[in-house]
file query_7.cif (mmCIF, C-alpha atoms)
data_my_file
loop_
_atom_site.label_atom_id
_atom_site.label_comp_id
_atom_site.auth_asym_id
_atom_site.auth_seq_id
_atom_site.Cartn_x
_atom_site.Cartn_y
_atom_site.Cartn_z
CA MET A 17 -43.63 80.21 -80.85
CA HIS A 18 -42.41 76.68 -80.72
CA ALA A 19 -38.72 76.20 -79.90
CA ILE A 20 -36.86 75.30 -83.08
CA MET A 21 -34.52 72.37 -83.23
CA LYS A 22 -32.14 70.59 -85.53
CA ASP A 23 -32.55 66.92 -86.25
CA ILE A 24 -32.42 65.05 -82.93
CA SER A 25 -29.43 63.02 -84.04
CA SER A 26 -27.30 66.19 -84.14
CA ILE A 27 -27.94 67.03 -80.49
CA LYS A 28 -24.84 66.40 -78.42
CA THR A 29 -26.13 66.46 -74.85
CA ILE A 30 -29.32 65.50 -73.07
CA PHE A 31 -29.20 68.74 -71.10
CA LEU A 32 -29.60 70.88 -74.18
CA GLN A 33 -32.28 68.52 -75.50
CA ILE A 34 -34.21 69.17 -72.29
CA SER A 35 -33.78 72.94 -72.67
CA CYS A 36 -35.02 72.89 -76.24
CA PHE A 37 -38.02 70.70 -75.57
CA LEU A 38 -39.14 72.50 -72.42
CA GLY A 39 -38.95 75.71 -74.41
CA LEU A 40 -41.18 74.05 -76.98
CA MET A 41 -43.65 72.86 -74.34
CA LEU A 42 -43.98 76.26 -72.70
CA GLY A 43 -44.33 78.04 -76.01
CA VAL A 44 -41.37 80.26 -75.29
CA SER A 45 -39.80 82.11 -78.20
CA VAL A 46 -36.19 81.22 -77.63
CA LEU A 47 -33.25 80.92 -79.96
CA PHE A 48 -30.78 78.34 -78.72
CA SER A 49 -27.16 77.90 -79.58
CA SER A 50 -26.73 77.40 -83.32
CA SER A 51 -24.86 74.20 -82.59
CA PHE A 52 -28.06 72.60 -81.36
CA CYS A 53 -31.08 74.50 -82.75
CA ASN A 54 -31.61 75.87 -86.23
CA LYS A 55 -34.06 78.41 -87.62
CA SER A 56 -36.20 76.09 -89.74
CA ALA A 57 -39.87 75.49 -88.92
CA ALA A 58 -40.76 73.09 -86.13
CA LYS A 59 -41.08 69.58 -87.51
CA SER A 60 -44.34 67.66 -87.57
CA ALA A 61 -44.63 63.88 -87.65
CA SER A 62 -45.22 63.82 -91.40
CA ILE A 63 -41.93 65.61 -92.00
CA VAL A 64 -39.82 63.48 -89.66
CA ASN A 65 -41.39 60.30 -91.03
CA GLN A 66 -40.01 61.24 -94.43
CA VAL A 67 -36.62 61.92 -92.88
CA ASN A 68 -36.62 58.56 -91.11
CA ASP A 69 -37.77 56.69 -94.23
CA SER A 70 -34.81 58.09 -96.14
CA LYS A 71 -32.45 57.39 -93.25
CA PHE A 72 -33.33 53.73 -92.64
CA SER A 73 -33.50 50.90 -95.14
CA SER A 74 -34.80 48.00 -93.04
CA ASP A 75 -38.44 47.50 -92.12
CA ALA A 76 -37.46 46.91 -88.49
CA ASP A 77 -35.64 50.24 -88.21
CA ARG A 78 -38.51 52.09 -89.87
CA LYS A 79 -40.98 50.44 -87.52
CA ASN A 80 -38.89 51.49 -84.52
CA ALA A 81 -38.81 55.03 -85.88
CA LEU A 82 -42.60 55.08 -86.20
CA ILE A 83 -42.91 53.92 -82.59
CA LEU A 84 -40.79 56.80 -81.28
CA VAL A 85 -42.45 59.33 -83.57
CA SER A 86 -45.89 58.23 -82.37
CA THR A 87 -44.81 58.40 -78.74
CA ALA A 88 -43.36 61.88 -79.17
CA GLU A 89 -46.65 62.97 -80.74
CA ILE A 90 -48.56 61.60 -77.75
CA CYS A 91 -46.28 63.41 -75.29
CA LEU A 92 -46.46 66.73 -77.14
CA ARG A 93 -50.25 66.54 -77.26
CA GLU A 94 -50.72 65.55 -73.63
CA ILE A 95 -48.37 68.24 -72.34
CA LYS A 96 -50.26 70.94 -74.23
CA LEU A 97 -53.63 69.62 -73.04
CA ALA A 98 -52.31 69.45 -69.48
CA GLN A 99 -51.15 73.05 -69.59
CA LEU A 100 -54.59 74.09 -70.78
CA ALA A 101 -56.23 72.11 -67.97
CA GLN A 102 -54.16 73.91 -65.37
CA LYS A 103 -55.44 77.23 -66.70
CA ARG A 104 -59.08 76.30 -67.35
CA ALA A 105 -60.10 73.68 -64.79
CA LYS A 106 -62.47 74.74 -62.01
CA THR A 107 -61.76 71.97 -59.51
CA ALA A 108 -58.51 71.46 -57.65
CA ASP A 109 -58.46 67.77 -58.56
CA VAL A 110 -58.57 68.43 -62.29
CA LYS A 111 -55.95 71.16 -62.02
CA GLU A 112 -53.76 68.67 -60.17
CA LEU A 113 -54.41 66.07 -62.88
CA GLY A 114 -53.21 68.60 -65.44
CA LYS A 115 -50.08 69.29 -63.40
CA MET A 116 -49.37 65.58 -62.99
CA ASN A 117 -49.87 64.94 -66.69
CA GLU A 118 -47.56 67.78 -67.71
CA GLU A 119 -44.81 66.48 -65.43
CA PHE A 120 -45.40 62.86 -66.46
CA TYR A 121 -45.38 63.43 -70.21
CA THR A 122 -42.48 65.86 -70.09
CA GLN A 123 -40.48 63.14 -68.33
CA LYS A 124 -41.59 60.57 -70.90
CA LEU A 125 -40.76 62.92 -73.76
CA LEU A 126 -37.23 63.20 -72.42
CA SER A 127 -36.97 59.40 -72.39
CA VAL A 128 -38.08 59.41 -76.04
CA ILE A 129 -35.41 61.98 -76.85
CA LYS A 130 -32.75 59.87 -75.16
CA LEU A 131 -33.80 56.70 -76.97
CA ALA A 132 -34.13 58.54 -80.28
CA LYS A 133 -30.57 59.77 -79.88
CA ILE A 134 -29.32 56.22 -79.32
CA LYS A 135 -31.21 55.01 -82.39
CA SER A 136 -30.47 58.08 -84.55
CA ILE A 137 -34.21 58.54 -85.05
CA SER A 138 -35.76 61.93 -85.82
CA ILE A 139 -38.86 62.83 -83.79
CA PRO A 140 -41.42 65.64 -84.14
CA THR A 141 -41.18 68.94 -82.31
CA SER A 142 -44.69 70.19 -83.08
CA LEU A 143 -48.22 68.84 -82.79
CA SER A 144 -49.80 66.93 -85.63
CA THR A 145 -52.93 68.26 -87.33
CA GLU A 146 -54.97 65.79 -85.28
CA GLY A 147 -53.28 66.92 -82.08
CA GLU A 148 -54.08 70.55 -82.83
CA LYS A 149 -57.69 69.58 -83.54
CA ILE A 150 -58.00 67.82 -80.16
CA PHE A 151 -56.49 70.84 -78.40
CA THR A 152 -58.85 73.26 -80.14
CA GLU A 153 -61.88 71.15 -79.23
CA LEU A 154 -60.86 71.17 -75.56
CA GLU A 155 -60.02 74.87 -75.64
CA ASN A 156 -63.49 75.68 -76.95
CA LYS A 157 -65.34 73.83 -74.20
CA SER A 158 -67.42 75.93 -71.84
CA GLU A 159 -66.27 76.56 -68.29
CA ALA A 160 -69.07 74.34 -67.00
CA SER A 161 -68.15 71.36 -69.17
CA PHE A 162 -64.36 71.68 -69.31
CA ASP A 163 -63.42 69.55 -66.29
CA GLU A 164 -65.61 66.60 -67.22
CA TYR A 165 -64.51 66.72 -70.85
CA TYR A 166 -60.82 66.84 -69.94
CA CYS A 167 -61.17 63.86 -67.60
CA ASP A 168 -63.06 61.90 -70.26
CA GLU A 169 -60.36 62.74 -72.79
CA MET A 170 -57.60 61.65 -70.41
CA ILE A 171 -59.26 58.31 -69.68
CA TYR A 172 -59.70 57.62 -73.38
CA ASN A 173 -56.18 58.79 -74.30
CA HIS A 174 -54.50 56.80 -71.53
CA LYS A 175 -56.35 53.62 -72.47
CA GLN A 176 -55.34 54.07 -76.10
CA THR A 177 -51.73 54.76 -75.13
CA ILE A 178 -51.59 51.68 -72.88
CA ASN A 179 -52.90 49.55 -75.76
CA PHE A 180 -50.25 51.07 -78.00
CA PHE A 181 -47.39 50.21 -75.64
CA GLU A 182 -48.70 46.72 -74.99
CA ALA A 183 -48.58 46.15 -78.75
CA VAL A 184 -45.07 47.62 -78.95
CA TYR A 185 -43.88 45.43 -76.07
CA SER A 186 -45.30 42.26 -77.63
CA GLU A 187 -44.20 42.95 -81.19
CA THR A 188 -40.84 44.71 -81.22
CA SER A 189 -37.64 42.69 -81.26
CA ASP A 190 -35.48 45.67 -80.27
CA GLU A 191 -34.32 45.14 -76.68
CA TYR A 192 -34.04 48.86 -75.87
CA ILE A 193 -37.50 49.71 -77.16
CA ASN A 194 -38.97 46.54 -75.65
CA ALA A 195 -37.69 47.40 -72.16
CA TRP A 196 -38.70 51.04 -72.52
CA ALA A 197 -42.25 50.12 -73.58
CA LYS A 198 -42.57 47.60 -70.74
CA ASN A 199 -41.64 50.27 -68.20
CA MET A 200 -44.14 52.73 -69.65
CA ILE A 201 -47.20 50.55 -69.05
CA PRO A 202 -47.38 50.59 -65.20
CA ASP A 203 -46.72 54.33 -65.16
CA LEU A 204 -49.57 54.89 -67.61
CA ASP A 205 -51.84 52.69 -65.49
CA LYS A 206 -51.24 55.01 -62.53
CA GLN A 207 -52.08 58.07 -64.61
CA LEU A 208 -55.24 56.37 -65.85
CA SER A 209 -56.33 55.54 -62.30
CA TYR A 210 -56.01 59.16 -61.22
CA ALA A 211 -57.92 60.33 -64.30
CA VAL A 212 -60.78 57.98 -63.35
CA LEU A 213 -60.87 59.42 -59.82
CA CYS A 214 -60.91 62.95 -61.21
CA GLN A 215 -63.74 62.06 -63.56
CA ARG A 216 -65.86 60.92 -60.60
CA SER A 217 -65.11 64.17 -58.80
CA ALA A 218 -65.87 66.28 -61.87
CA THR A 219 -69.25 64.64 -62.50
CA LYS A 220 -70.60 65.00 -58.94
#
call {"tool": "encode", "arguments": {"input": "query_7.cif", "output": "structure tokens"}}
result
Amino acid sequence: MHAIMKDISSIKTIFLQISCFLGLMLGVSVLFSSSFCNKSAAKSASIVNQVNDSKFSSDADRKNALILVSTAEICLREIKLAQLAQKRAKTADVKELGKMNEEFYTQKLLSVIKLAKIKSISIPTSLSTEGEKIFTELENKSEASFDEYYCDEMIYNHKQTINFFEAVYSETSDEYINAWAKNMIPDLDKQLSYAVLCQRSATK
């Protein structure tokens, strides 16, 4: 069961945000302090987008909200795929790629939480329909094809994510989001490079 959270803006400390989100990532059925987590269903992007649209009146603020919502979606998806890779991969390199991706995207998710708190932006706590579809497709791959498919997926996803942050960096006028996006790009490049190496290993 996904960990269940209140709106991000009501969270008072980063420590408890970390606890809630790691519970979500690991699929642990945990009830947190009622001051920080409620008993409503985990929130998808479509739900929090409605919340943000009602919360913000300016186009700039709504655009910033969409950026953080999209990034949280990416992180949630990649963490879940990475956990699956650590269970299903045959080769040590691909298992290590899964471990690296889980650590990387968990760290990035926490940076999204921190920035969302500053901006009073609500972000999703569950995968989108598309994210669930991608996970199911990977989960259904045969043992023989899993490693190669995961590496291919990671190369594609990282390239798309880099393009996304390059667009954010060039288009946003918000100094916090601009700096945050700029710092994301070199880190994503490193993850992409390792995915390429793993792909070569998986296809030998």
call {"tool": "atom_distance", "arguments": {"input": "query_7.cif", "atom1": "CA of Gln66 (chain A)", "atom2": "CA of Ile129 (chain A)"}}
result
18.2 Å
call {"tool": "atom_distance", "arguments": {"input": "query_7.cif", "atom1": "CA of Lys115 (chain A)", "atom2": "CA of Glu182 (chain A)"}}
result
25.4 Å
call {"tool": "atom_distance", "arguments": {"input": "query_7.cif", "atom1": "CA of Tyr210 (chain A)", "atom2": "CA of Ser161 (chain A)"}}
result
19.0 Å
call {"tool": "residues_near_point", "arguments": {"input": "query_7.cif", "point": "(-30.9, 54.1, -74.9)", "cutoff": "12 Å", "atoms": "all atoms listed in the file", "output": "list in words"}}
result
Ile30, Leu126, Ser127, Val128, Ile129, Lys130, Leu131, Ala132, Lys133, Ile134, Lys135, Ser136, Ile137, Asp190, Glu191, Tyr192, Ile193, Asn194, Ala195 and Trp196 of chain A
call {"tool": "resolve_selection", "arguments": {"input": "query_7.cif", "expression": "the PyMOL selection byres ((chain A and resi 105) around 12)", "output": "PyMOL selection string"}}
result
chain A and resi 97-104+106-115+154-155+157-167+214+218
call {"tool": "closest_residue", "arguments": {"input": "query_7.cif", "among": "A:Thr145, A:Asn117, A:Gln123, A:Asn68", "to": "Ile83 (chain A)", "atoms": "all atoms listed in the file"}}
result
A:Asn68
call {"tool": "residues_near_point", "arguments": {"input": "query_7.cif", "point": "(-52.7, 55.8, -67.3)", "cutoff": "12 Å", "atoms": "all atoms listed in the file", "output": "VMD selection string"}}
result
chain A and resid 94 113 116 to 117 120 to 121 167 169 to 181 200 to 213
call {"tool": "decode", "arguments": {"input": "query_7.cif", "residues": "region 156-193 of chain A", "atoms": "C-alpha atoms", "output": "PDB file, in the first residue's frame"}}
result
ATOM      1  CA  ASN A 156       5.891  -8.701 -17.886  1.00  0.00           C
ATOM      2  CA  LYS A 157       9.164  -9.005 -19.783  1.00  0.00           C
ATOM      3  CA  SER A 158      10.768 -12.431 -19.881  1.00  0.00           C
ATOM      4  CA  GLU A 159      13.862 -13.180 -17.834  1.00  0.00           C
ATOM      5  CA  ALA A 160      15.917 -13.353 -21.019  1.00  0.00           C
ATOM      6  CA  SER A 161      14.830  -9.940 -22.299  1.00  0.00           C
ATOM      7  CA  PHE A 162      14.455  -8.009 -19.042  1.00  0.00           C
ATOM      8  CA  ASP A 163      17.977  -6.580 -18.736  1.00  0.00           C
ATOM      9  CA  GLU A 164      18.163  -5.276 -22.283  1.00  0.00           C
ATOM     10  CA  TYR A 165      14.657  -3.818 -22.107  1.00  0.00           C
ATOM     11  CA  TYR A 166      15.348  -2.053 -18.803  1.00  0.00           C
ATOM     12  CA  CYS A 167      18.554  -0.508 -20.152  1.00  0.00           C
ATOM     13  CA  ASP A 168      16.769   0.631 -23.315  1.00  0.00           C
ATOM     14  CA  GLU A 169      14.007   2.148 -21.204  1.00  0.00           C
ATOM     15  CA  MET A 170      16.509   3.958 -18.980  1.00  0.00           C
ATOM     16  CA  ILE A 171      18.368   5.447 -21.944  1.00  0.00           C
ATOM     17  CA  TYR A 172      15.126   6.686 -23.471  1.00  0.00           C
ATOM     18  CA  ASN A 173      13.750   7.994 -20.166  1.00  0.00           C
ATOM     19  CA  HIS A 174      16.957   9.801 -19.225  1.00  0.00           C
ATOM     20  CA  LYS A 175      17.200  11.483 -22.623  1.00  0.00           C
ATOM     21  CA  GLN A 176      13.590  12.632 -22.340  1.00  0.00           C
ATOM     22  CA  THR A 177      14.154  13.887 -18.798  1.00  0.00           C
ATOM     23  CA  ILE A 178      17.291  15.806 -19.811  1.00  0.00           C
ATOM     24  CA  ASN A 179      15.333  17.464 -22.631  1.00  0.00           C
ATOM     25  CA  PHE A 180      12.621  18.348 -20.133  1.00  0.00           C
ATOM     26  CA  PHE A 181      15.025  20.036 -17.722  1.00  0.00           C
ATOM     27  CA  GLU A 182      16.848  21.861 -20.493  1.00  0.00           C
ATOM     28  CA  ALA A 183      13.489  23.338 -21.507  1.00  0.00           C
ATOM     29  CA  VAL A 184      12.683  24.223 -17.890  1.00  0.00           C
ATOM     30  CA  TYR A 185      16.079  25.883 -17.437  1.00  0.00           C
ATOM     31  CA  SER A 186      15.720  27.959 -20.603  1.00  0.00           C
ATOM     32  CA  GLU A 187      12.095  28.951 -20.116  1.00  0.00           C
ATOM     33  CA  THR A 188      11.365  29.488 -16.428  1.00  0.00           C
ATOM     34  CA  SER A 189      11.879  32.890 -14.861  1.00  0.00           C
ATOM     35  CA  ASP A 190      11.743  31.531 -11.306  1.00  0.00           C
ATOM     36  CA  GLU A 191      15.259  31.688  -9.851  1.00  0.00           C
ATOM     37  CA  TYR A 192      14.782  28.722  -7.494  1.00  0.00           C
ATOM     38  CA  ILE A 193      13.399  26.423 -10.176  1.00  0.00           C
TER      39      ILE A 193
END
